[in-house]
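Shown next: upload.txt, given as compact mmCIF, C-alpha atoms.
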```txt
# COMPACT_ATOMS: atom_id res chain seq x y z
CA MET A 373 35.75 32.66 9.83
CA ARG A 374 35.52 30.24 6.91
CA ILE A 375 33.17 27.36 7.71
CA LEU A 376 33.01 24.23 5.57
CA LEU A 377 29.61 22.61 5.99
CA ASP A 378 29.52 18.91 5.22
CA PRO A 379 26.79 18.00 2.65
CA GLU A 380 26.16 14.46 3.98
CA ILE A 381 22.74 15.06 5.55
CA PHE A 382 21.59 17.04 2.51
CA ASN A 383 22.57 14.12 0.29
CA GLU A 384 20.39 11.81 2.38
CA GLN A 385 17.37 13.89 3.41
CA LYS A 386 14.82 15.62 1.20
CA PHE A 387 13.41 17.01 4.43
CA GLY A 388 13.80 16.22 8.12
CA GLY A 389 14.77 17.66 11.46
CA ILE A 390 18.54 17.36 11.09
CA SER A 391 18.81 19.02 7.67
CA ARG A 392 16.41 21.75 8.78
CA TYR A 393 18.58 22.35 11.85
CA TYR A 394 21.69 23.02 9.78
CA VAL A 395 19.93 25.24 7.26
CA GLU A 396 18.39 27.33 10.05
CA ILE A 397 21.64 27.66 12.00
CA PHE A 398 23.85 28.52 9.05
CA SER A 399 21.34 30.74 7.30
CA ASN A 400 21.43 32.88 10.45
CA ILE A 401 25.20 32.68 10.83
CA SER A 402 25.82 33.57 7.17
CA TYR A 403 24.39 37.05 7.76
CA ASN A 404 27.46 37.78 9.88
CA GLN A 405 29.92 39.64 7.65
CA ASP A 406 32.84 37.95 9.39
CA VAL A 407 31.63 34.50 8.36
CA LYS A 408 31.72 32.69 5.04
CA VAL A 409 29.78 29.41 4.96
CA ASN A 410 30.58 26.99 2.17
CA LEU A 411 28.09 24.20 1.46
CA PRO A 412 29.78 22.31 -1.39
CA VAL A 413 26.88 20.92 -3.41
CA ILE A 414 26.36 21.00 -7.15
CA SER A 415 22.68 20.23 -6.60
CA SER A 416 20.35 19.19 -3.80
CA GLU A 417 16.89 17.67 -3.45
CA ASN A 418 16.62 18.98 0.11
CA ILE A 419 13.67 21.35 0.37
CA TYR A 420 15.30 23.51 3.07
CA VAL A 421 18.43 24.06 1.00
CA ARG A 422 16.26 24.98 -1.97
CA GLU A 423 14.61 27.73 0.09
CA SER A 424 17.83 29.05 1.64
CA VAL A 425 20.68 31.44 0.87
CA PHE A 426 22.76 28.42 -0.15
CA PHE A 427 20.65 27.77 -3.23
CA THR A 428 22.71 29.96 -5.57
CA ASN A 429 21.93 30.61 -9.22
CA SER A 430 24.50 28.09 -10.43
CA ILE A 431 23.05 25.38 -8.18
CA LYS A 432 19.52 26.33 -9.28
CA SER A 433 20.38 25.96 -12.96
CA LEU A 434 21.89 22.50 -12.60
CA THR A 435 19.11 21.42 -10.23
CA PHE A 436 16.49 22.47 -12.79
CA CYS A 437 18.14 20.20 -15.37
CA ILE A 438 18.43 17.30 -12.92
CA ASP A 439 14.78 17.69 -11.89
CA PHE A 440 13.73 17.62 -15.53
CA LEU A 441 15.70 14.43 -16.16
CA LYS A 442 14.10 12.86 -13.09
CA LYS A 443 10.63 13.62 -14.47
CA ILE A 444 11.42 11.67 -17.63
CA GLY A 445 12.77 8.73 -15.65
CA VAL A 446 16.52 9.49 -15.45
CA SER A 447 17.76 9.58 -11.86
CA LEU A 448 21.13 11.17 -11.15
CA ARG A 449 20.82 11.08 -7.36
CA LYS A 450 23.78 8.75 -6.75
CA LYS A 451 25.99 10.71 -9.15
CA VAL A 452 25.05 14.02 -7.52
CA LYS A 453 25.80 12.60 -4.09
CA LYS A 454 29.20 11.38 -5.28
CA LYS A 455 29.97 14.77 -6.85
CA ASN A 456 28.98 16.63 -3.68
CA THR A 457 31.25 14.42 -1.57
CA ALA A 458 34.13 14.75 -4.04
CA LYS A 459 33.77 18.53 -4.00
CA THR A 460 33.94 18.51 -0.22
CA ILE A 461 37.04 16.31 -0.16
CA GLN A 462 38.78 18.64 -2.59
CA ILE A 463 38.19 21.61 -0.30
CA LEU A 464 39.36 19.54 2.67
CA LYS A 465 42.57 18.74 0.79
CA ASN A 466 43.10 22.39 -0.12
CA GLN A 467 42.61 23.35 3.54
CA SER A 468 40.75 26.50 2.43
CA PHE A 469 38.59 26.71 5.55
CA ASP A 470 38.97 27.37 9.28
CA LEU A 471 36.34 25.03 10.72
CA PHE A 472 34.62 21.88 9.51
CA ILE A 473 31.04 20.98 10.48
CA PRO A 474 30.01 17.35 9.90
CA THR A 475 26.25 17.04 9.48
CA TYR A 476 26.05 13.38 10.48
CA TYR A 477 28.40 10.66 11.69
CA ASN A 478 30.32 9.57 8.59
CA PRO A 479 34.01 9.96 9.53
CA TYR A 480 35.24 10.09 5.91
CA PHE A 481 36.62 13.60 6.41
CA LEU A 482 39.08 12.73 9.18
CA GLU A 483 41.86 11.59 6.86
CA PHE A 484 41.78 14.96 5.07
CA LEU A 485 41.22 17.24 8.05
CA LYS A 486 44.84 17.45 9.24
CA GLU A 487 45.00 19.96 12.13
CA LYS A 488 41.77 21.78 11.37
CA PRO A 489 39.11 21.76 14.13
CA PHE A 490 35.62 20.34 13.77
CA VAL A 491 32.46 20.69 15.85
CA LEU A 492 30.13 17.73 16.13
CA THR A 493 26.40 18.06 16.89
CA VAL A 494 24.82 15.08 18.66
CA TYR A 495 21.05 14.90 18.18
CA ASP A 496 20.43 11.89 20.43
CA MET A 497 21.96 8.62 21.61
CA ILE A 498 19.21 6.50 20.12
CA HIS A 499 21.50 4.00 18.37
CA GLU A 500 23.35 3.34 21.62
CA LEU A 501 20.19 2.95 23.70
CA PHE A 502 18.05 1.03 21.18
CA PRO A 503 20.55 -0.69 18.82
CA HIS A 504 18.11 -3.54 18.05
CA TYR A 505 15.89 -1.13 16.12
CA PHE A 506 18.57 -0.26 13.54
CA ASP A 507 20.13 -2.32 10.78
CA ASP A 508 23.18 -0.04 10.79
CA GLY A 509 23.33 0.21 14.59
CA ILE A 510 26.87 -1.11 15.14
CA THR A 511 28.40 1.01 12.38
CA ALA A 512 26.59 4.16 13.50
CA ILE A 513 27.69 3.62 17.11
CA GLN A 514 31.32 3.09 16.12
CA ASN A 515 31.39 6.12 13.83
CA LYS A 516 29.75 8.39 16.39
CA LEU A 517 32.14 7.33 19.14
CA LEU A 518 35.13 8.02 16.91
CA LEU A 519 33.86 11.52 16.15
CA LEU A 520 32.98 12.19 19.80
CA GLU A 521 36.54 11.36 20.78
CA LYS A 522 38.16 13.45 18.07
CA ALA A 523 35.83 16.48 17.97
CA THR A 524 37.23 19.80 19.09
CA LYS A 525 33.84 20.76 20.54
CA ILE A 526 30.51 18.95 20.81
CA ILE A 527 27.02 20.42 20.69
CA ALA A 528 24.30 18.45 22.49
CA VAL A 529 20.75 19.46 21.58
CA SER A 530 19.57 19.01 25.18
CA GLN A 531 20.99 18.53 28.66
CA ASN A 532 19.49 15.05 28.56
CA THR A 533 21.53 14.25 25.45
CA LYS A 534 24.69 15.56 27.12
CA ASN A 535 23.96 13.41 30.17
CA ASP A 536 23.47 10.37 27.93
CA ILE A 537 26.80 10.96 26.20
CA ILE A 538 28.65 11.20 29.50
CA LYS A 539 26.84 8.20 30.98
CA ILE A 540 27.48 5.94 27.98
CA TYR A 541 31.01 7.24 27.32
CA PRO A 542 32.44 8.54 30.62
CA HIS A 543 35.86 9.03 29.04
CA ILE A 544 34.53 11.83 26.81
CA ASP A 545 35.57 15.21 28.21
CA ALA A 546 32.34 16.78 29.49
CA THR A 547 33.84 20.27 29.35
CA LYS A 548 33.93 20.21 25.56
CA ILE A 549 30.17 19.50 25.36
CA GLU A 550 27.83 22.49 25.24
CA VAL A 551 24.04 22.32 25.27
CA ILE A 552 22.35 24.41 22.57
CA TYR A 553 18.62 24.00 22.01
CA HIS A 554 16.92 23.89 18.64
CA GLY A 555 14.74 26.75 17.46
CA ASN A 556 11.28 26.59 15.96
CA SER A 557 10.48 26.70 12.24
CA ILE A 558 6.76 26.01 12.22
CA ILE A 559 4.58 28.29 10.09
CA ILE A 560 0.87 28.80 10.74
CA ASN A 561 -0.80 29.77 7.49
CA ASP A 562 -4.48 30.53 6.98
CA ILE A 563 -4.79 27.75 4.44
CA PHE A 564 -7.42 25.06 4.26
CA VAL A 565 -6.42 21.55 5.27
CA ASP A 566 -9.08 18.84 5.21
CA LEU A 567 -9.08 17.64 8.81
CA PRO A 568 -11.71 16.19 11.17
CA LYS A 569 -13.40 18.61 13.57
CA LYS A 570 -12.23 16.70 16.65
CA TYR A 571 -8.98 14.76 16.66
CA ILE A 572 -5.91 13.71 18.60
CA LEU A 573 -2.69 14.34 16.68
CA PHE A 574 0.29 12.02 16.17
CA VAL A 575 3.20 13.33 14.07
CA GLY A 576 5.88 11.52 12.11
CA VAL A 577 7.34 8.02 12.15
CA ARG A 578 5.29 5.42 14.04
CA ARG A 579 7.67 2.43 14.30
CA HIS A 580 9.33 0.87 17.32
CA TYR A 581 10.14 3.26 20.19
CA LYS A 582 7.77 5.89 18.76
CA ASN A 583 4.99 3.84 20.43
CA PHE A 584 2.10 4.43 18.04
CA ILE A 585 0.51 1.01 18.69
CA PHE A 586 0.77 1.66 22.41
CA LEU A 587 -1.02 4.99 21.95
CA VAL A 588 -3.93 3.42 20.06
CA ASN A 589 -4.28 0.63 22.62
CA SER A 590 -4.29 3.20 25.41
CA ILE A 591 -7.05 5.42 24.00
CA LYS A 592 -9.16 2.90 22.05
CA ASP A 593 -11.98 3.12 24.61
CA LEU A 594 -12.11 6.90 24.15
CA LEU A 595 -12.52 6.41 20.41
CA VAL A 596 -15.19 3.74 20.80
CA SER A 597 -17.20 5.90 23.22
CA ASP A 598 -17.02 8.96 20.93
CA ARG A 599 -17.35 8.14 17.25
CA ASN A 600 -16.75 11.80 16.38
CA LEU A 601 -13.23 11.59 17.83
CA TYR A 602 -10.36 10.75 15.46
CA VAL A 603 -6.64 10.07 15.57
CA VAL A 604 -4.81 11.88 12.77
CA CYS A 605 -1.32 10.62 11.92
CA ALA A 606 0.49 13.46 10.16
CA GLY A 607 3.21 12.17 7.85
CA GLY A 608 5.15 9.01 8.65
CA GLY A 609 4.07 7.28 5.45
CA LYS A 610 0.99 5.23 4.71
CA PHE A 611 -0.13 2.63 7.22
CA GLU A 612 1.69 -0.67 6.85
CA GLU A 613 -0.19 -3.97 6.58
CA GLU A 614 0.45 -4.79 10.23
CA GLU A 615 -0.97 -1.42 11.30
CA ILE A 616 -4.03 -1.78 9.06
CA THR A 617 -4.78 -5.24 10.46
CA PHE A 618 -4.39 -3.96 14.02
CA ILE A 619 -6.65 -0.94 13.46
CA ASN A 620 -9.29 -3.04 11.66
CA GLU A 621 -9.36 -5.60 14.45
CA LEU A 622 -10.23 -2.78 16.85
CA GLY A 623 -12.98 -1.56 14.51
CA LEU A 624 -11.37 1.87 14.34
CA GLN A 625 -10.50 2.03 10.64
CA ASN A 626 -12.83 5.01 10.13
CA GLN A 627 -11.40 6.97 13.07
CA ILE A 628 -7.64 6.49 12.70
CA ILE A 629 -6.38 8.16 9.54
CA GLN A 630 -3.01 8.95 8.01
CA LYS A 631 -2.52 12.19 6.11
CA PRO A 632 0.59 13.47 4.32
CA PHE A 633 1.29 17.17 4.50
CA GLN A 634 3.22 19.94 2.86
CA GLU A 635 5.65 21.90 5.03
CA ASN A 636 3.35 24.94 5.14
CA GLU A 637 0.36 22.80 6.22
CA LEU A 638 1.75 21.28 9.40
CA GLY A 639 0.83 24.29 11.54
CA GLN A 640 -2.85 23.67 10.78
CA PHE A 641 -2.56 20.07 11.99
CA TYR A 642 -1.32 21.30 15.37
CA LYS A 643 -3.56 24.35 15.61
CA ASN A 644 -6.82 22.44 15.11
CA ALA A 645 -6.04 19.36 17.23
CA GLN A 646 -7.57 18.69 20.63
CA CYS A 647 -4.10 17.72 21.72
CA PHE A 648 -0.83 16.38 20.39
CA VAL A 649 0.34 13.09 21.92
CA PHE A 650 4.04 12.18 21.81
CA PRO A 651 4.28 8.68 23.34
CA SER A 652 7.87 8.13 22.20
CA ALA A 653 10.12 6.21 24.60
CA TYR A 654 13.07 8.48 23.79
CA GLU A 655 13.96 11.70 21.97
CA GLY A 656 17.16 13.69 22.00
CA PHE A 657 15.18 16.90 21.76
CA GLY A 658 11.75 16.42 20.20
CA ILE A 659 11.10 19.21 17.69
CA PRO A 660 7.34 18.39 17.48
CA VAL A 661 7.02 19.38 21.16
CA VAL A 662 8.11 22.94 20.37
CA GLU A 663 6.04 23.00 17.19
CA ALA A 664 2.89 22.01 19.08
CA MET A 665 3.45 24.53 21.86
CA SER A 666 4.01 27.38 19.43
CA CYS A 667 0.77 26.51 17.59
CA GLY A 668 -1.35 26.54 20.74
CA CYS A 669 -1.77 22.78 20.88
CA PRO A 670 -1.73 21.06 24.30
CA ILE A 671 0.86 18.28 24.52
CA VAL A 672 0.62 14.92 26.27
CA LEU A 673 3.97 13.18 26.45
CA THR A 674 6.12 10.71 28.33
CA ASN A 675 7.86 11.79 31.51
CA ASN A 676 11.31 10.70 30.33
CA SER A 677 14.36 11.54 28.19
CA SER A 678 14.39 15.19 27.03
CA PHE A 679 10.64 15.82 27.33
CA PRO A 680 10.48 17.39 30.81
CA GLU A 681 13.42 19.60 29.88
CA VAL A 682 11.88 20.87 26.64
CA ALA A 683 8.20 21.05 27.58
CA GLY A 684 8.67 22.27 31.14
CA ASP A 685 5.42 23.15 32.90
CA ALA A 686 3.61 23.18 29.54
CA GLY A 687 3.76 19.39 29.30
CA ILE A 688 1.04 17.03 30.47
CA PHE A 689 3.14 14.03 31.39
CA PHE A 690 2.28 10.37 31.72
CA GLU A 691 4.45 7.49 32.96
CA LEU A 692 6.18 5.60 30.17
CA ASN A 693 4.30 2.41 29.18
CA ASP A 694 1.41 3.18 31.54
CA ALA A 695 -1.64 2.93 29.26
CA THR A 696 -4.13 3.93 31.95
CA ASP A 697 -2.15 7.04 32.83
CA LEU A 698 -1.97 8.07 29.16
CA LYS A 699 -5.70 7.54 28.68
CA ASN A 700 -6.48 9.60 31.78
CA LYS A 701 -4.26 12.49 30.72
CA VAL A 702 -5.82 12.61 27.25
CA SER A 703 -9.29 12.47 28.81
CA ILE A 704 -8.55 15.52 30.94
CA ILE A 705 -7.75 17.57 27.84
CA LEU A 706 -10.79 16.31 25.95
CA GLU A 707 -13.23 16.90 28.79
CA ASN A 708 -11.96 20.01 30.60
CA GLU A 709 -11.79 23.14 28.47
CA THR A 710 -10.35 25.18 31.34
CA VAL A 711 -7.39 22.83 31.74
CA ARG A 712 -6.93 22.69 27.98
CA ASN A 713 -6.74 26.48 27.70
CA GLU A 714 -4.35 26.61 30.65
CA TYR A 715 -1.88 24.35 28.88
CA ILE A 716 -2.33 26.15 25.57
CA ASN A 717 -1.20 29.38 27.25
CA LYS A 718 1.67 27.68 29.05
CA GLY A 719 2.85 26.19 25.76
CA LEU A 720 2.74 29.48 23.89
CA GLU A 721 4.88 31.08 26.58
CA ARG A 722 7.30 28.16 26.81
CA ALA A 723 7.82 28.06 23.03
CA LYS A 724 9.35 31.56 23.10
CA ILE A 725 12.66 30.30 24.49
CA PHE A 726 13.31 28.15 21.39
CA ASN A 727 14.67 30.57 18.83
CA TRP A 728 16.92 29.87 15.82
CA LYS A 729 18.64 33.27 16.05
CA LEU A 730 19.56 32.59 19.67
CA ALA A 731 20.71 29.07 18.81
CA ALA A 732 22.82 30.38 15.91
CA ASP A 733 24.46 33.01 18.11
CA LYS A 734 25.41 30.35 20.65
CA CYS A 735 26.77 28.11 17.90
CA TYR A 736 28.83 30.98 16.48
CA THR A 737 30.37 31.66 19.89
CA LEU A 738 31.25 27.98 20.26
CA TYR A 739 32.74 27.87 16.76
CA GLN A 740 35.01 30.77 17.66
CA LYS A 741 36.17 28.87 20.74
CA ALA A 742 36.87 25.80 18.62
CA ILE A 743 39.03 27.76 16.18
CA ASN A 744 40.95 29.58 18.89
CA LYS A 745 41.47 26.55 21.13
CA PRO A 746 45.19 26.05 21.89
```
Go ahead and render the structure in this file as structure tokens.
Amino acid sequence: MRILLDPEIFNEQKFGGISRYYVEIFSNISYNQDVKVNLPVISSENIYVRESVFFTNSIKSLTFCIDFLKKIGVSLRKKVKKKNTAKTIQILKNQSFDLFIPTYYNPYFLEFLKEKPFVLTVYDMIHELFPHYFDDGITAIQNKLLLLEKATKIIAVSQNTKNDIIKIYPHIDATKIEVIYHGNSIIINDIFVDLPKKYILFVGVRRHYKNFIFLVNSIKDLLVSDRNLYVVCAGGGKFEEEEITFINELGLQNQIIQKPFQENELGQFYKNAQCFVFPSAYEGFGIPVVEAMSCGCPIVLTNNSSFPEVAGDAGIFFELNDATDLKNKVSIILENETVRNEYINKGLERAKIFNWKLAADKCYTLYQKAINKP
């Protein structure tokens, strides 16, 4: 089986859940002697590619030169992206592959695909459900629908995502959609990370449906009553002016902090937290849920979208947009060590079902079906 892996997501992401997903899946699949995976890049800034089997010596050499030029102020990012796409199109034209895997929703490849099959992975239906949050919402929706209609097979990262696809687009053949969960890539290293002794953890982007402001409003009384309690925002970029003003007005500027992290540090953020709160209104899967569980961190999250499916009985759920319910659930974890330990153990057990090797095996089986489909 010759698989052509589209470089689009690796052109766009230096790191992130989607690019990590593809590197994990195809690193596992590439160990199969019957499979040849071709990722047509001349260079990549993506950290997962740089640590994978796809980072060959020829790519390393050119990447070293490009990195050096970047350090002295010469950026070749747009040219590299264009070269990667051109290389992919050339292979598409030559038809020297059996299966094409798009890594996002750009349909550029369709005009070159001819009769070759492709398998589309759908991570969520966020653009369709919350289009007002995205500048490119209409284009993304149109492109995704086109690919959903034309895909030979579709992978949904959760049953909830599959249900959303069918609900929004009932004309899509449900029998060609298969649910395959993500695995878990988190690493817990015994490295020092400067963190407060007692904190609630928030991970990633904070805007819009991620509900960070709602979280702070819900637990502000807990922070005021315990000045040794913090909220640590891992990643997501520095606080914006609006966030700083909001936090200052509450008098919590010393207790709500934002900290960047290296990939090998994130496990320490989870491991040492009192709990991880995921107040997001919607997630197609929610990788941080699995990360937290596998690190022994209790999780408090909304009782909607994919969360009940992924967290199972290891989740401490609150009703969406119910600030009092969220505050009460966090309080239970902070005040009751027995309950906290109970959910730590449930999470550790639940996390075992999310395995990249298992996910890759299921993907490989589906890819075979796509190639052999009459």
Hey, can you check how far CA of Ser415 (chain A) sits from CA of Val452 (chain A)?
6.7 Å
Distance criterion (all atoms listed in the file): nearest to Tyr654 (chain A) out of A:Asp507, A:Asp536, A:Glu612, A:Glu521:
A:Asp536
For Thr547 (chain A), which residue out of A:Ala723, A:Ile438, A:Ile526, A:Ile563 is the nearest one, using only C-alpha atoms?
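Among the listed residues, A:Ile526 lies closest to Thr547 (chain A).
In terms of minimum interatomic distance to Ala528 (chain A), A:Ile552 ranks closest within A:Ile591, A:Ile552, A:Leu692, A:Leu567, counting only C-alpha atoms.
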Closest to Leu730 (chain A) among A:Tyr553, A:Lys453, A:Tyr505, A:Ile414, using all atoms listed in the file?
A:Tyr553
Between A:Ile585, A:Thr737, A:Glu621, A:Gln531, which residue has the minimum interatomic distance to Ser677 (chain A), considering only C-alpha atoms?
A:Gln531
Near-region 490-502 of chain A list (7 Å; only C-alpha atoms; drop same-chain fewer than 5 positions) as a count of residues only
17
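With only C-alpha atoms as the atoms that count, the minimum distance from Gly687 (chain A) to the choices A:Gly607, A:Gly719, A:Gly388, A:Gly658 is reached by A:Gly719.
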Within 10 Å of Tyr642 (chain A), counting all atoms listed in the file, which residues qualify if same-chain residues fewer than 6 places away don't, as a list of chain:residue names?
A:Ile558, A:Ile560, A:Ile572, A:Leu573, A:Phe574, A:Val575, A:Ala606, A:Phe648, A:Pro660, A:Glu663, A:Ala664, A:Met665, A:Ser666, A:Cys667, A:Gly668, A:Cys669, A:Pro670, A:Ile671
Hey, what's within 12 Å of Gly684 (chain A) if we count all atoms listed in the file and toss same-chain stuff fewer than 6 positions away? As a list in words, please?
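Answer for this query is Val661, Val662, Met665, Ile671, Val672, Leu673, Asn675, Asn676, Ser678, Tyr715, Lys718, Gly719, Leu720, Glu721, Arg722, Ala723 and Ile725 of chain A.
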For the residues in the current selection, export C-alpha atoms as a compact mmCIF listing (two decimals), keeping the file's coordinate frame.
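In the end it all went to part_37.txt:
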```txt
# COMPACT_ATOMS: atom_id res chain seq x y z
CA VAL A 661 7.02 19.38 21.16
CA VAL A 662 8.11 22.94 20.37
CA MET A 665 3.45 24.53 21.86
CA ILE A 671 0.86 18.28 24.52
CA VAL A 672 0.62 14.92 26.27
CA LEU A 673 3.97 13.18 26.45
CA ASN A 675 7.86 11.79 31.51
CA ASN A 676 11.31 10.70 30.33
CA SER A 678 14.39 15.19 27.03
CA TYR A 715 -1.88 24.35 28.88
CA LYS A 718 1.67 27.68 29.05
CA GLY A 719 2.85 26.19 25.76
CA LEU A 720 2.74 29.48 23.89
CA GLU A 721 4.88 31.08 26.58
CA ARG A 722 7.30 28.16 26.81
CA ALA A 723 7.82 28.06 23.03
CA ILE A 725 12.66 30.30 24.49
```
As an exercise, work out the distance from CA of Ile537 (chain A) to CA of Ile743 (chain A) in Å and give it to one decimal place.
23.1 Å
Have a look at CA of Tyr739 (chain A) and CA of Ser391 (chain A) and let me know their distance in Å, one decimal.
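For CA of Tyr739 (chain A) relative to CA of Ser391 (chain A), the distance reads 18.8 Å.
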For Asn515 (chain A), find every residue with an atom within 8 Å (counting all atoms listed in the file), except residues of its own chain fewer than 4 positions away, and show them as a PyMOL selection string.
chain A and resi 477-479+511+519
Please write the residues from the selection above to a file, keeping C-alpha atoms, as a JSON list (two decimals), in the frame of the given file.
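After the write, part.json holds the following:
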```
[["chain", "number", "residue", "atom", "x", "y", "z"],
["A", 477, "TYR", "CA", 28.40, 10.66, 11.69],
["A", 478, "ASN", "CA", 30.32, 9.57, 8.59],
["A", 479, "PRO", "CA", 34.01, 9.96, 9.53],
["A", 511, "THR", "CA", 28.40, 1.01, 12.38],
["A", 519, "LEU", "CA", 33.86, 11.52, 16.15]]
```
Residue neighbourhood region 706-708 of chain A, 10 Å, only C-alpha atoms, exclusion window fewer than 5 positions, as a PyMOL selection string:
chain A and resi 570-572+594+601+646-647+700-701+713
Generate the coordinates of all heavy atoms for region 505-512 of chain A; report them as a PDB file, keeping the file's coordinate frame.
```pdb
ATOM      1  N   TYR A 505      16.843  -1.702  17.059  1.00  0.00           N
ATOM      2  CA  TYR A 505      15.890  -1.130  16.120  1.00  0.00           C
ATOM      3  C   TYR A 505      16.546  -0.704  14.798  1.00  0.00           C
ATOM      4  O   TYR A 505      15.857  -0.266  13.880  1.00  0.00           O
ATOM      5  CB  TYR A 505      15.205   0.087  16.726  1.00  0.00           C
ATOM      6  CG  TYR A 505      14.217  -0.240  17.837  1.00  0.00           C
ATOM      7  CD1 TYR A 505      14.081   0.594  18.933  1.00  0.00           C
ATOM      8  CD2 TYR A 505      13.413  -1.375  17.780  1.00  0.00           C
ATOM      9  CE1 TYR A 505      13.169   0.303  19.951  1.00  0.00           C
ATOM     10  CE2 TYR A 505      12.512  -1.679  18.785  1.00  0.00           C
ATOM     11  CZ  TYR A 505      12.389  -0.828  19.870  1.00  0.00           C
ATOM     12  OH  TYR A 505      11.499  -1.110  20.867  1.00  0.00           O
ATOM     13  N   PHE A 506      17.865  -0.810  14.704  1.00  0.00           N
ATOM     14  CA  PHE A 506      18.570  -0.260  13.540  1.00  0.00           C
ATOM     15  C   PHE A 506      19.433  -1.312  12.869  1.00  0.00           C
ATOM     16  O   PHE A 506      20.228  -1.987  13.526  1.00  0.00           O
ATOM     17  CB  PHE A 506      19.439   0.925  13.967  1.00  0.00           C
ATOM     18  CG  PHE A 506      18.674   2.043  14.625  1.00  0.00           C
ATOM     19  CD1 PHE A 506      18.555   2.113  16.003  1.00  0.00           C
ATOM     20  CD2 PHE A 506      18.049   3.020  13.857  1.00  0.00           C
ATOM     21  CE1 PHE A 506      17.842   3.133  16.612  1.00  0.00           C
ATOM     22  CE2 PHE A 506      17.331   4.043  14.454  1.00  0.00           C
ATOM     23  CZ  PHE A 506      17.226   4.097  15.837  1.00  0.00           C
ATOM     24  N   ASP A 507      19.304  -1.401  11.549  1.00  0.00           N
ATOM     25  CA  ASP A 507      20.130  -2.320  10.780  1.00  0.00           C
ATOM     26  C   ASP A 507      21.597  -1.893  10.779  1.00  0.00           C
ATOM     27  O   ASP A 507      22.500  -2.726  10.701  1.00  0.00           O
ATOM     28  CB  ASP A 507      19.623  -2.415   9.335  1.00  0.00           C
ATOM     29  CG  ASP A 507      18.241  -3.049   9.250  1.00  0.00           C
ATOM     30  OD1 ASP A 507      17.894  -3.835  10.159  1.00  0.00           O
ATOM     31  OD2 ASP A 507      17.513  -2.743   8.291  1.00  0.00           O
ATOM     32  N   ASP A 508      21.819  -0.567  10.830  1.00  0.00           N
ATOM     33  CA  ASP A 508      23.180  -0.040  10.790  1.00  0.00           C
ATOM     34  C   ASP A 508      23.677   0.357  12.176  1.00  0.00           C
ATOM     35  O   ASP A 508      24.591   1.153  12.319  1.00  0.00           O
ATOM     36  CB  ASP A 508      23.250   1.180   9.865  1.00  0.00           C
ATOM     37  CG  ASP A 508      22.404   2.351  10.392  1.00  0.00           C
ATOM     38  OD1 ASP A 508      21.496   2.112  11.224  1.00  0.00           O
ATOM     39  OD2 ASP A 508      22.656   3.506   9.977  1.00  0.00           O
ATOM     40  N   GLY A 509      23.060  -0.212  13.223  1.00  0.00           N
ATOM     41  CA  GLY A 509      23.330   0.210  14.590  1.00  0.00           C
ATOM     42  C   GLY A 509      24.797   0.164  14.977  1.00  0.00           C
ATOM     43  O   GLY A 509      25.346   1.142  15.498  1.00  0.00           O
ATOM     44  N   ILE A 510      25.475  -0.949  14.708  1.00  0.00           N
ATOM     45  CA  ILE A 510      26.870  -1.110  15.140  1.00  0.00           C
ATOM     46  C   ILE A 510      27.767  -0.098  14.442  1.00  0.00           C
ATOM     47  O   ILE A 510      28.596   0.560  15.084  1.00  0.00           O
ATOM     48  CB  ILE A 510      27.344  -2.550  14.860  1.00  0.00           C
ATOM     49  CG1 ILE A 510      26.568  -3.532  15.729  1.00  0.00           C
ATOM     50  CG2 ILE A 510      28.841  -2.669  15.119  1.00  0.00           C
ATOM     51  CD1 ILE A 510      26.901  -4.983  15.477  1.00  0.00           C
ATOM     52  N   THR A 511      27.587   0.055  13.130  1.00  0.00           N
ATOM     53  CA  THR A 511      28.400   1.010  12.380  1.00  0.00           C
ATOM     54  C   THR A 511      28.173   2.435  12.856  1.00  0.00           C
ATOM     55  O   THR A 511      29.131   3.203  13.055  1.00  0.00           O
ATOM     56  CB  THR A 511      28.099   0.920  10.873  1.00  0.00           C
ATOM     57  OG1 THR A 511      28.373  -0.400  10.419  1.00  0.00           O
ATOM     58  CG2 THR A 511      28.944   1.909  10.082  1.00  0.00           C
ATOM     59  N   ALA A 512      26.914   2.800  13.048  1.00  0.00           N
ATOM     60  CA  ALA A 512      26.590   4.160  13.500  1.00  0.00           C
ATOM     61  C   ALA A 512      27.196   4.439  14.870  1.00  0.00           C
ATOM     62  O   ALA A 512      27.722   5.533  15.115  1.00  0.00           O
ATOM     63  CB  ALA A 512      25.074   4.342  13.541  1.00  0.00           C
TER      64      ALA A 512
END
```
